[in-house]
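Novice: So that you have it, the file is coords_4.cif, and it contains mmCIF, C-alpha atoms:
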```cif
data_work
loop_
_atom_site.group_PDB
_atom_site.id
_atom_site.type_symbol
_atom_site.label_atom_id
_atom_site.label_comp_id
_atom_site.auth_asym_id
_atom_site.auth_seq_id
_atom_site.Cartn_x
_atom_site.Cartn_y
_atom_site.Cartn_z
ATOM 1 C CA MET A 17 49.793 123.900 18.616
ATOM 2 C CA ASN A 18 48.673 126.987 20.591
ATOM 3 C CA SER A 19 46.163 129.391 19.112
ATOM 4 C CA LEU A 20 48.632 132.276 18.595
ATOM 5 C CA ARG A 21 50.904 130.039 16.594
ATOM 6 C CA ARG A 22 47.955 128.822 14.532
ATOM 7 C CA ILE A 23 46.941 132.396 13.778
ATOM 8 C CA GLY A 24 50.510 133.229 12.828
ATOM 9 C CA LEU A 25 50.719 130.294 10.462
ATOM 10 C CA ARG A 26 47.346 131.145 8.934
ATOM 11 C CA LEU A 27 48.474 134.733 8.256
ATOM 12 C CA GLU A 28 51.707 133.471 6.782
ATOM 13 C CA ARG A 29 49.708 131.197 4.535
ATOM 14 C CA LEU A 30 47.418 133.980 3.362
ATOM 15 C CA MET A 31 50.364 136.276 2.609
ATOM 16 C CA PHE A 32 52.099 133.483 0.753
ATOM 17 C CA GLU A 33 49.071 132.644 -1.364
ATOM 18 C CA ARG A 34 48.109 136.215 -2.116
ATOM 19 C CA ALA A 35 51.584 137.401 -3.019
ATOM 20 C CA PRO A 36 51.714 138.249 -6.708
ATOM 21 C CA GLY A 37 52.549 135.268 -8.888
ATOM 22 C CA MET A 38 52.560 132.765 -6.045
ATOM 23 C CA ILE A 39 51.058 129.300 -6.324
ATOM 24 C CA THR A 40 50.110 127.014 -3.454
ATOM 25 C CA CYS A 41 52.012 123.880 -2.472
ATOM 26 C CA ARG A 42 49.171 121.752 -3.839
ATOM 27 C CA GLU A 43 49.293 123.587 -7.157
ATOM 28 C CA PHE A 44 53.063 123.119 -7.148
ATOM 29 C CA ASP A 45 52.461 119.384 -6.884
ATOM 30 C CA GLY A 46 50.369 119.432 -10.023
ATOM 31 C CA PHE A 47 53.220 120.991 -11.988
ATOM 32 C CA ILE A 48 56.090 118.746 -10.860
ATOM 33 C CA LEU A 49 55.826 116.054 -13.549
ATOM 34 C CA ASP A 50 55.703 118.530 -16.410
ATOM 35 C CA TYR A 51 58.506 120.603 -14.890
ATOM 36 C CA VAL A 52 60.993 117.730 -14.530
ATOM 37 C CA GLU A 53 60.143 116.575 -18.056
ATOM 38 C CA GLY A 54 60.638 120.063 -19.472
ATOM 39 C CA ARG A 55 57.048 120.529 -20.629
ATOM 40 C CA LEU A 56 55.902 123.477 -18.551
ATOM 41 C CA ALA A 57 54.943 126.598 -20.444
ATOM 42 C CA PRO A 58 57.244 129.567 -19.666
ATOM 43 C CA ARG A 59 54.731 131.364 -17.438
ATOM 44 C CA GLU A 60 53.958 128.247 -15.434
ATOM 45 C CA ARG A 61 57.675 127.501 -15.140
ATOM 46 C CA ARG A 62 58.289 130.957 -13.671
ATOM 47 C CA LEU A 63 55.493 130.449 -11.137
ATOM 48 C CA PHE A 64 56.861 127.018 -10.262
ATOM 49 C CA GLU A 65 60.436 128.221 -9.819
ATOM 50 C CA ARG A 66 59.303 131.231 -7.805
ATOM 51 C CA HIS A 67 57.512 128.892 -5.401
ATOM 52 C CA THR A 68 60.693 126.880 -4.834
ATOM 53 C CA ARG A 69 62.565 130.070 -3.928
ATOM 54 C CA PHE A 70 60.146 130.788 -1.087
ATOM 55 C CA CYS A 71 59.025 127.317 0.004
ATOM 56 C CA GLY A 72 61.701 125.169 1.639
ATOM 57 C CA PRO A 73 59.519 122.042 1.932
ATOM 58 C CA CYS A 74 58.625 122.131 -1.767
ATOM 59 C CA GLN A 75 62.254 122.753 -2.681
ATOM 60 C CA ARG A 76 63.268 119.676 -0.671
ATOM 61 C CA TYR A 77 60.431 117.652 -2.158
ATOM 62 C CA LEU A 78 61.498 118.554 -5.697
ATOM 63 C CA GLU A 79 65.112 117.577 -4.991
ATOM 64 C CA ARG A 80 64.042 114.199 -3.627
ATOM 65 C CA TYR A 81 61.541 113.640 -6.459
ATOM 66 C CA ARG A 82 64.354 114.288 -8.943
ATOM 67 C CA ALA A 83 66.675 111.987 -7.021
ATOM 68 C CA THR A 84 64.045 109.240 -7.266
ATOM 69 C CA ASP A 85 63.735 109.862 -10.996
ATOM 70 C CA ARG A 86 67.505 109.624 -11.295
ATOM 71 C CA LEU A 87 67.561 106.293 -9.443
ATOM 72 C CA VAL A 88 64.825 104.871 -11.686
ATOM 73 C CA MET A 89 66.743 105.952 -14.785
ATOM 74 C CA ALA A 90 69.838 104.250 -13.418
ATOM 75 C CA ALA A 91 67.834 101.097 -12.672
ATOM 76 C CA ARG A 92 66.565 101.165 -16.272
ATOM 77 C CA GLY A 93 70.126 101.335 -17.514
ATOM 78 C CA THR A 94 71.055 98.210 -15.571
ATOM 79 C CA LEU A 95 68.097 96.113 -16.767
ATOM 80 C CA ALA A 96 70.213 94.507 -19.462
ATOM 81 C CA ASP A 97 72.753 93.463 -16.827
ATOM 82 C CA ALA A 98 70.206 92.359 -14.258
ATOM 83 C CA PRO A 99 70.222 88.607 -13.789
ATOM 84 C CA PRO A 100 67.282 87.295 -15.781
ATOM 85 C CA ALA A 101 64.656 85.267 -14.000
ATOM 86 C CA ASP A 102 65.374 81.559 -13.698
ATOM 87 C CA ALA A 103 63.552 79.653 -16.411
ATOM 88 C CA PRO A 104 62.006 76.506 -14.971
ATOM 89 C CA GLU A 105 62.612 73.506 -17.215
ATOM 90 C CA GLU A 106 58.928 72.607 -16.799
ATOM 91 C CA LEU A 107 57.986 75.917 -18.391
ATOM 92 C CA ILE A 108 60.331 75.411 -21.329
ATOM 93 C CA GLN A 109 58.967 71.907 -21.934
ATOM 94 C CA ALA A 110 55.392 73.148 -21.605
ATOM 95 C CA ILE A 111 56.013 75.809 -24.265
ATOM 96 C CA LEU A 112 57.624 73.319 -26.666
ATOM 97 C CA ARG A 113 54.850 70.790 -26.040
ATOM 98 C CA ALA A 114 52.160 73.397 -26.690
ATOM 99 C CA ARG A 115 53.882 74.341 -29.955
ATOM 100 C CA ARG A 116 53.955 70.705 -31.081
ATOM 101 C CA LEU A 117 50.278 70.261 -30.237
ATOM 102 C CA ALA A 118 49.367 73.426 -32.125
ATOM 103 C CA THR A 119 51.108 72.196 -35.280
ATOM 104 C CA ASP A 120 49.970 68.536 -35.149
ATOM 105 C CA MET B 22 63.449 99.580 -24.380
ATOM 106 C CA ALA B 23 66.163 97.656 -22.581
ATOM 107 C CA PRO B 24 68.500 96.067 -25.141
ATOM 108 C CA VAL B 25 68.076 92.367 -25.570
ATOM 109 C CA THR B 26 70.954 90.397 -27.043
ATOM 110 C CA THR B 27 70.768 87.108 -28.777
ATOM 111 C CA ASP B 28 73.828 85.730 -26.986
ATOM 112 C CA ALA B 29 72.782 82.256 -26.008
ATOM 113 C CA PRO B 30 73.349 81.056 -22.451
ATOM 114 C CA GLU B 31 75.114 77.786 -21.858
ATOM 115 C CA LYS B 32 72.971 75.031 -23.409
ATOM 116 C CA PRO B 33 72.740 71.277 -22.978
ATOM 117 C CA PRO B 34 75.182 69.468 -25.306
ATOM 118 C CA GLU B 35 72.420 68.132 -27.570
ATOM 119 C CA ALA B 36 71.100 71.635 -28.413
ATOM 120 C CA ALA B 37 72.245 73.251 -31.669
ATOM 121 C CA SER B 38 73.434 76.823 -32.103
ATOM 122 C CA PHE B 39 72.331 79.098 -34.878
ATOM 123 C CA PRO B 40 74.832 81.798 -35.805
ATOM 124 C CA HIS B 41 72.327 84.643 -36.081
ATOM 125 C CA ASP B 42 68.648 85.558 -36.012
ATOM 126 C CA GLY B 43 68.249 84.975 -39.744
ATOM 127 C CA ALA B 44 69.451 81.375 -39.523
ATOM 128 C CA LEU B 45 67.259 80.692 -36.504
ATOM 129 C CA LEU B 46 64.237 82.238 -38.185
ATOM 130 C CA ALA B 47 64.752 80.234 -41.368
ATOM 131 C CA ALA B 48 65.083 77.012 -39.376
ATOM 132 C CA MET B 49 61.868 77.726 -37.449
ATOM 133 C CA ARG B 50 59.996 78.502 -40.655
ATOM 134 C CA ALA B 51 61.259 75.180 -41.983
ATOM 135 C CA GLY B 52 59.744 73.544 -38.905
ATOM 136 C CA GLU B 53 62.963 72.468 -37.227
ATOM 137 C CA ALA B 54 62.181 71.513 -33.637
ATOM 138 C CA ARG B 55 65.703 72.269 -32.420
ATOM 139 C CA ALA B 56 65.332 75.859 -33.659
ATOM 140 C CA PHE B 57 62.194 76.379 -31.586
ATOM 141 C CA GLU B 58 63.968 74.897 -28.590
ATOM 142 C CA GLU B 59 66.907 77.256 -29.101
ATOM 143 C CA LEU B 60 64.548 80.233 -29.248
ATOM 144 C CA VAL B 61 62.654 79.246 -26.117
ATOM 145 C CA ARG B 62 65.757 78.420 -24.075
ATOM 146 C CA THR B 63 67.533 81.604 -25.133
ATOM 147 C CA PHE B 64 64.780 84.087 -24.436
ATOM 148 C CA THR B 65 62.586 82.626 -21.685
ATOM 149 C CA PRO B 66 64.686 83.955 -18.784
ATOM 150 C CA ARG B 67 64.600 87.573 -19.945
ATOM 151 C CA LEU B 68 60.954 87.432 -21.027
ATOM 152 C CA LEU B 69 60.022 86.022 -17.637
ATOM 153 C CA ALA B 70 61.706 89.009 -16.008
ATOM 154 C CA VAL B 71 59.745 91.405 -18.258
ATOM 155 C CA ALA B 72 56.436 89.649 -17.590
ATOM 156 C CA ARG B 73 57.147 89.516 -13.872
ATOM 157 C CA ARG B 74 57.635 93.289 -13.749
ATOM 158 C CA LEU B 75 54.212 93.803 -15.287
ATOM 159 C CA VAL B 76 51.995 91.078 -13.885
ATOM 160 C CA GLY B 77 53.601 90.873 -10.496
ATOM 161 C CA ASP B 78 53.800 87.175 -9.665
ATOM 162 C CA GLN B 79 55.795 84.204 -10.933
ATOM 163 C CA ALA B 80 52.879 81.941 -11.889
ATOM 164 C CA ALA B 81 51.121 84.640 -13.907
ATOM 165 C CA ALA B 82 54.437 85.594 -15.518
ATOM 166 C CA GLU B 83 55.052 81.973 -16.621
ATOM 167 C CA ASP B 84 51.555 81.764 -18.121
ATOM 168 C CA CYS B 85 52.151 85.039 -19.873
ATOM 169 C CA VAL B 86 55.483 83.935 -21.363
ATOM 170 C CA GLN B 87 53.980 80.665 -22.588
ATOM 171 C CA GLU B 88 51.149 82.570 -24.268
ATOM 172 C CA ALA B 89 53.603 85.084 -25.711
ATOM 173 C CA PHE B 90 55.692 82.344 -27.333
ATOM 174 C CA LEU B 91 52.598 80.727 -28.838
ATOM 175 C CA ASN B 92 51.527 84.125 -30.197
ATOM 176 C CA ALA B 93 55.013 84.525 -31.630
ATOM 177 C CA PHE B 94 54.975 81.069 -33.268
ATOM 178 C CA ARG B 95 51.633 81.889 -34.894
ATOM 179 C CA GLY B 96 53.062 85.165 -36.172
ATOM 180 C CA LEU B 97 56.369 83.815 -37.487
ATOM 181 C CA ASP B 98 55.429 84.090 -41.134
ATOM 182 C CA GLY B 99 54.548 87.727 -40.681
ATOM 183 C CA PHE B 100 57.761 88.671 -38.878
ATOM 184 C CA GLU B 101 59.643 90.942 -41.217
ATOM 185 C CA GLY B 102 62.935 91.038 -39.319
ATOM 186 C CA ARG B 103 63.177 94.826 -39.027
ATOM 187 C CA ALA B 104 63.880 94.359 -35.337
ATOM 188 C CA GLY B 105 65.815 91.470 -33.798
ATOM 189 C CA LEU B 106 64.003 88.386 -32.577
ATOM 190 C CA GLY B 107 64.648 89.401 -28.978
ATOM 191 C CA THR B 108 63.105 92.834 -29.439
ATOM 192 C CA TRP B 109 60.113 91.301 -31.250
ATOM 193 C CA LEU B 110 59.537 88.739 -28.505
ATOM 194 C CA HIS B 111 59.942 91.450 -25.862
ATOM 195 C CA ARG B 112 57.149 93.502 -27.427
ATOM 196 C CA ILE B 113 54.863 90.473 -27.798
ATOM 197 C CA THR B 114 55.435 89.651 -24.126
ATOM 198 C CA VAL B 115 54.591 93.197 -23.036
ATOM 199 C CA ASN B 116 51.400 93.165 -25.128
ATOM 200 C CA THR B 117 50.418 89.732 -23.846
ATOM 201 C CA ALA B 118 50.977 90.756 -20.234
ATOM 202 C CA LEU B 119 48.894 93.880 -20.630
ATOM 203 C CA ALA B 120 46.087 92.001 -22.346
ATOM 204 C CA ARG B 121 45.997 89.625 -19.383
ATOM 205 C CA LEU B 122 45.910 92.496 -16.944
ATOM 206 C CA ARG B 123 43.027 94.146 -18.826
ATOM 207 C CA ALA B 124 41.082 90.893 -18.890
ATOM 208 C CA ARG B 125 41.640 90.304 -15.203
ATOM 209 C CA ARG B 126 38.658 91.783 -13.347
ATOM 210 C CA ALA B 127 40.058 94.757 -11.432
ATOM 211 C CA LYS B 128 40.093 93.800 -7.798
ATOM 212 C CA ARG B 129 40.192 96.389 -5.106
ATOM 213 C CA GLU B 130 43.695 97.792 -5.220
ATOM 214 C CA GLU B 131 45.755 98.732 -2.215
ATOM 215 C CA SER B 132 45.672 102.480 -1.645
ATOM 216 C CA ILE B 133 48.864 104.513 -1.953
ATOM 217 C CA ASP B 134 47.465 107.578 -0.185
ATOM 218 C CA HIS B 135 49.820 107.005 2.752
ATOM 219 C CA LEU B 136 52.763 107.319 0.323
ATOM 220 C CA LEU B 137 51.647 110.596 -1.243
ATOM 221 C CA PRO B 138 52.684 114.119 -0.178
ATOM 222 C CA ARG B 139 51.191 115.530 2.994
ATOM 223 C CA PHE B 140 49.944 119.024 3.615
ATOM 224 C CA ASP B 141 49.198 120.672 6.929
ATOM 225 C CA GLU B 142 45.877 122.196 7.885
ATOM 226 C CA PHE B 143 46.907 125.444 6.220
ATOM 227 C CA GLY B 144 47.814 123.788 2.937
ATOM 228 C CA PHE B 145 51.579 123.989 3.348
ATOM 229 C CA ARG B 146 53.574 120.945 2.352
ATOM 230 C CA VAL B 147 54.972 118.813 5.154
ATOM 231 C CA GLU B 148 58.444 117.669 4.066
ATOM 232 C CA PRO B 149 60.934 117.107 6.871
ATOM 233 C CA SER B 150 64.451 118.408 6.536
ATOM 234 C CA TRP B 151 67.241 115.805 6.623
ATOM 235 C CA SER B 152 70.675 115.442 5.055
ATOM 236 C CA ALA B 153 71.478 112.521 2.786
ATOM 237 C CA SER B 154 74.461 110.455 3.841
ATOM 238 C CA ARG B 155 75.250 109.530 0.221
ATOM 239 C CA GLY B 156 74.744 111.717 -2.827
ATOM 240 C CA VAL B 157 72.449 110.446 -5.531
ATOM 241 C CA GLU B 158 75.333 110.232 -8.031
ATOM 242 C CA GLU B 159 77.037 107.771 -5.689
ATOM 243 C CA LEU B 160 73.835 105.752 -5.357
ATOM 244 C CA VAL B 161 73.228 105.454 -9.099
ATOM 245 C CA ASP B 162 76.556 103.648 -9.561
ATOM 246 C CA ASP B 163 75.618 101.000 -7.005
ATOM 247 C CA SER B 164 74.156 97.882 -8.654
ATOM 248 C CA GLU B 165 72.558 96.800 -5.391
ATOM 249 C CA VAL B 166 70.699 100.105 -5.313
ATOM 250 C CA ALA B 167 69.390 99.453 -8.827
ATOM 251 C CA ALA B 168 68.090 96.048 -7.751
ATOM 252 C CA LEU B 169 66.464 97.646 -4.733
ATOM 253 C CA VAL B 170 64.776 100.311 -6.872
ATOM 254 C CA ARG B 171 63.355 97.595 -9.131
ATOM 255 C CA ALA B 172 62.136 95.692 -6.068
ATOM 256 C CA LYS B 173 60.385 98.791 -4.714
ATOM 257 C CA ILE B 174 58.698 99.340 -8.074
ATOM 258 C CA GLU B 175 57.413 95.769 -7.899
ATOM 259 C CA GLU B 176 55.841 96.543 -4.520
ATOM 260 C CA LEU B 177 53.588 99.207 -6.008
ATOM 261 C CA PRO B 178 49.927 98.324 -6.630
ATOM 262 C CA GLU B 179 49.315 96.981 -10.109
ATOM 263 C CA SER B 180 47.957 100.044 -11.904
ATOM 264 C CA TYR B 181 50.842 102.198 -10.636
ATOM 265 C CA ARG B 182 53.459 99.520 -11.242
ATOM 266 C CA GLN B 183 52.294 99.087 -14.851
ATOM 267 C CA VAL B 184 52.561 102.719 -15.748
ATOM 268 C CA ILE B 185 55.966 103.259 -14.155
ATOM 269 C CA VAL B 186 57.345 100.057 -15.727
ATOM 270 C CA LEU B 187 56.065 100.959 -19.196
ATOM 271 C CA ARG B 188 56.968 104.635 -19.095
ATOM 272 C CA ASP B 189 60.152 104.750 -17.029
ATOM 273 C CA LEU B 190 61.684 101.273 -17.475
ATOM 274 C CA GLU B 191 60.424 100.254 -20.909
ATOM 275 C CA GLU B 192 60.762 103.903 -22.114
ATOM 276 C CA LEU B 193 57.464 104.033 -23.974
ATOM 277 C CA SER B 194 55.919 107.434 -24.595
ATOM 278 C CA THR B 195 52.849 108.585 -22.682
ATOM 279 C CA GLY B 196 50.808 108.064 -25.850
ATOM 280 C CA GLU B 197 52.076 104.504 -26.305
ATOM 281 C CA VAL B 198 51.389 103.668 -22.666
ATOM 282 C CA ALA B 199 47.893 105.135 -22.927
ATOM 283 C CA SER B 200 47.227 103.068 -26.030
ATOM 284 C CA LEU B 201 48.500 99.847 -24.458
ATOM 285 C CA LEU B 202 46.521 100.378 -21.264
ATOM 286 C CA GLY B 203 43.376 101.563 -23.021
ATOM 287 C CA GLU B 204 43.434 104.849 -21.084
ATOM 288 C CA ASN B 205 43.675 108.481 -22.098
ATOM 289 C CA GLU B 206 46.989 110.315 -21.792
ATOM 290 C CA GLY B 207 45.781 112.541 -18.974
ATOM 291 C CA THR B 208 44.962 109.529 -16.821
ATOM 292 C CA VAL B 209 48.350 107.998 -17.556
ATOM 293 C CA LYS B 210 50.135 111.218 -16.556
ATOM 294 C CA VAL B 211 48.264 111.487 -13.275
ATOM 295 C CA ARG B 212 48.884 107.852 -12.453
ATOM 296 C CA LEU B 213 52.570 108.148 -13.366
ATOM 297 C CA HIS B 214 52.985 111.182 -11.136
ATOM 298 C CA ARG B 215 51.290 109.424 -8.207
ATOM 299 C CA ALA B 216 53.426 106.323 -8.827
ATOM 300 C CA ARG B 217 56.618 108.389 -8.772
ATOM 301 C CA MET B 218 55.549 110.182 -5.596
ATOM 302 C CA ALA B 219 54.795 106.848 -3.937
ATOM 303 C CA LEU B 220 58.136 105.463 -5.086
ATOM 304 C CA LYS B 221 59.921 108.538 -3.713
ATOM 305 C CA THR B 222 58.430 107.787 -0.294
ATOM 306 C CA LYS B 223 59.422 104.122 -0.536
ATOM 307 C CA LEU B 224 62.984 105.070 -1.443
ATOM 308 C CA GLU B 225 63.348 107.733 1.225
ATOM 309 C CA PRO B 226 65.233 105.510 3.693
ATOM 310 C CA LEU B 227 67.714 104.804 0.907
ATOM 311 C CA LEU B 228 68.077 108.503 0.034
ATOM 312 C CA ARG B 229 68.563 109.346 3.721
ATOM 313 C CA GLY B 230 71.151 106.611 4.078
ATOM 314 C CA ASP B 231 69.200 104.570 6.611
ATOM 315 C CA GLY B 232 69.762 101.420 4.585
ATOM 316 C CA MET B 233 66.839 99.261 3.544
ATOM 317 C CA ALA B 234 66.140 95.680 2.752
ATOM 318 C CA ALA B 235 64.728 94.781 -0.644
#
```
Take the structure from the file and write it as structure tokens.
Specialist:
Amino acid sequence: MNSLRRIGLRLERLMFERAPGMITCREFDGFILDYVEGRLAPRERRLFERHTRFCGPCQRYLERYRATDRLVMAARGTLADAPPADAPEELIQAILRARRLATD
Amino acid sequence: MAPVTTDAPEKPPEAASFPHDGALLAAMRAGEARAFEELVRTFTPRLLAVARRLVGDQAAAEDCVQEAFLNAFRGLDGFEGRAGLGTWLHRITVNTALARLRARRAKREESIDHLLPRFDEFGFRVEPSWSASRGVEELVDDSEVAALVRAKIEELPESYRQVIVLRDLEELSTGEVASLLGENEGTVKVRLHRARMALKTKLEPLLRGDGMAA
């Protein structure tokens, strides 16, 4: 990256951070879990949502984080239908044997 | 918690069937060997799957299930029947698995730093732009995707896998997870967030539509 571009990006960063009511991308990260679970206080939620309006990468990240959450929820819903693990006969016999020994 | 039914799988001809939990419980309390066999054969497959999600490998999961059943047999007289036998056994298995994990000396865990968000030298997030080939609502209806998601969760290092399994798959509250793991709620929240971020990275090829092997 050439030095002019670096200076430009640094200025952009400073303006972004020092704009009223603007949080950094790292601070945004710290709020994500509480935001998607609906636990952010109103002021923090406004700061969070304002950041997504101005920060494309964080907006994309939030969408993909939510998509991941959605996939995990769907996987949870299919647990009952998921084929259970095979139960080795040796394991079953070992459990029954251990029970008999414990009661003898 | 994922629902557990008491529908019995196909059994060898010599095994007996008990019409409901109450009959099975009464027979076990009376010491009937066939009742214990029915219980073990019916629930071992699902309990193995639960244990496997938490402890990570087949051998440890089998040990865990054996210990869970023995704990259950010892506690039969105290079982009040408010929940079904399957639910009761499920909870005993979770507790047994976690106790084993706590007792296991923590070995150096694989880092997930490479799976966490990246920021450039100026503190801006680095998150490439790409378009998904399939919407998430289409993906959630795909049973193969669900199996893949579970497989990716199993790839996570133990401490992250535990918290995402207990919180997101077993649907325990943060407080319950903290209590089971012997941690404070703040630690659980941080670990859950890192686990979800790592999982997001692992699932990115799927979200992009690149296709991925389990």
Novice: Would you compute the distance between atom CA of B:Gln183 and atom CA of B:Arg74? Give it in Å to one decimal.
Specialist: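 These two atoms are separated by 8.0 Å.
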Novice: At a cut-off of 8 Å, can you tabulate as a tab-separated table every residue of chain B near chain A together with its closest atom pair and the distance in Å to one decimal, using only C-alpha atoms and ordering rows by chain then number?
Specialist:
```
residue	atom	partner	partner_atom	distance
B:Ala23	CA	A:Ala96	CA	6.0
B:Pro24	CA	A:Ala96	CA	6.1
B:Val25	CA	A:Ala96	CA	6.8
B:Phe57	CA	A:Leu112	CA	7.4
B:Glu58	CA	A:Leu112	CA	6.8
B:Val61	CA	A:Ile108	CA	6.6
B:Arg62	CA	A:Ile108	CA	6.8
B:Thr65	CA	A:Ala103	CA	6.1
B:Pro66	CA	A:Ala101	CA	5.0
B:Arg67	CA	A:Pro100	CA	5.0
B:Leu69	CA	A:Ala101	CA	5.9
B:Ala70	CA	A:Ala101	CA	5.2
B:Glu83	CA	A:Leu107	CA	7.0
B:Gln87	CA	A:Ile111	CA	5.5
B:Phe90	CA	A:Ile111	CA	7.2
B:Leu91	CA	A:Arg115	CA	6.6
B:Phe94	CA	A:Arg115	CA	7.6
B:Phe140	CA	A:Arg42	CA	8.0
B:Phe143	CA	A:Arg26	CA	6.3
B:Gly144	CA	A:Cys41	CA	6.8
B:Phe145	CA	A:Cys41	CA	5.8
B:Arg146	CA	A:Cys41	CA	5.9
B:Val147	CA	A:Pro73	CA	6.4
B:Glu148	CA	A:Pro73	CA	5.0
B:Pro149	CA	A:Pro73	CA	7.1
B:Ser150	CA	A:Arg76	CA	7.4
B:Val157	CA	A:Ala83	CA	6.2
B:Leu160	CA	A:Leu87	CA	7.5
B:Val161	CA	A:Ala90	CA	5.6
B:Asp162	CA	A:Ala90	CA	7.8
B:Ser164	CA	A:Thr94	CA	7.6
B:Val166	CA	A:Ala91	CA	8.0
B:Ala167	CA	A:Ala91	CA	4.5
B:Ala168	CA	A:Ala91	CA	7.1
B:Val170	CA	A:Ala91	CA	6.6
B:Arg171	CA	A:Ala91	CA	6.7
B:Asp189	CA	A:Met89	CA	7.1
B:Leu190	CA	A:Arg92	CA	5.0
B:Glu191	CA	A:Arg92	CA	7.7
B:His214	CA	A:Leu49	CA	6.1
B:Arg217	CA	A:Tyr81	CA	7.6
B:Met218	CA	A:Tyr81	CA	7.0
B:Leu220	CA	A:Thr84	CA	7.3
B:Lys221	CA	A:Thr84	CA	5.5
B:Leu224	CA	A:Thr84	CA	7.2
B:Leu228	CA	A:Arg80	CA	7.9
```
Novice: Please measure the separation of atom CA of B:His135 and atom CA of B:Glu159, giving the value in Å to one decimal.
Specialist: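 A separation of 28.5 Å between them.
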Novice: Taking (54.8, 85.7, -25.8) in the coordinates of the supplied file, I want to know which residues reach to within 10 Å of it, counting all atoms listed in the file; could you give the answer as a PyMOL selection string?
Specialist: chain B and resi 65+68-69+72+83-94+109-118
Novice: Print the selection's residues with C-alpha atoms to a file, as a short mmCIF file (atom, residue, chain, number, x, y, z; two decimals), in the coordinates of the input.
Specialist:
```
data_model
loop_
_atom_site.label_atom_id
_atom_site.label_comp_id
_atom_site.auth_asym_id
_atom_site.auth_seq_id
_atom_site.Cartn_x
_atom_site.Cartn_y
_atom_site.Cartn_z
CA THR B 65 62.59 82.63 -21.68
CA LEU B 68 60.95 87.43 -21.03
CA LEU B 69 60.02 86.02 -17.64
CA ALA B 72 56.44 89.65 -17.59
CA GLU B 83 55.05 81.97 -16.62
CA ASP B 84 51.56 81.76 -18.12
CA CYS B 85 52.15 85.04 -19.87
CA VAL B 86 55.48 83.94 -21.36
CA GLN B 87 53.98 80.67 -22.59
CA GLU B 88 51.15 82.57 -24.27
CA ALA B 89 53.60 85.08 -25.71
CA PHE B 90 55.69 82.34 -27.33
CA LEU B 91 52.60 80.73 -28.84
CA ASN B 92 51.53 84.12 -30.20
CA ALA B 93 55.01 84.52 -31.63
CA PHE B 94 54.98 81.07 -33.27
CA TRP B 109 60.11 91.30 -31.25
CA LEU B 110 59.54 88.74 -28.50
CA HIS B 111 59.94 91.45 -25.86
CA ARG B 112 57.15 93.50 -27.43
CA ILE B 113 54.86 90.47 -27.80
CA THR B 114 55.44 89.65 -24.13
CA VAL B 115 54.59 93.20 -23.04
CA ASN B 116 51.40 93.16 -25.13
CA THR B 117 50.42 89.73 -23.85
CA ALA B 118 50.98 90.76 -20.23
#
```
Novice: Have a look at atom CA of B:Leu136 and atom CA of B:Ala216 and let me know their distance in Å, one decimal.
Specialist: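 So the answer is 9.2 Å.
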Novice: I would like the residues chosen by the PyMOL selection byres ((chain B and resi 76) around 8) on the shown file; could you give them as a ChimeraX atom specification?
Specialist: /B:72-75,77-78,81-82,118-119,122,179
Novice: Which of these residues is nearest to B:Gly156, using all atoms listed in the file: B:His41, B:Arg229, B:Arg50, B:Arg55?
Specialist: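 Ranked by minimum distance to B:Gly156, first place goes to B:Arg229.
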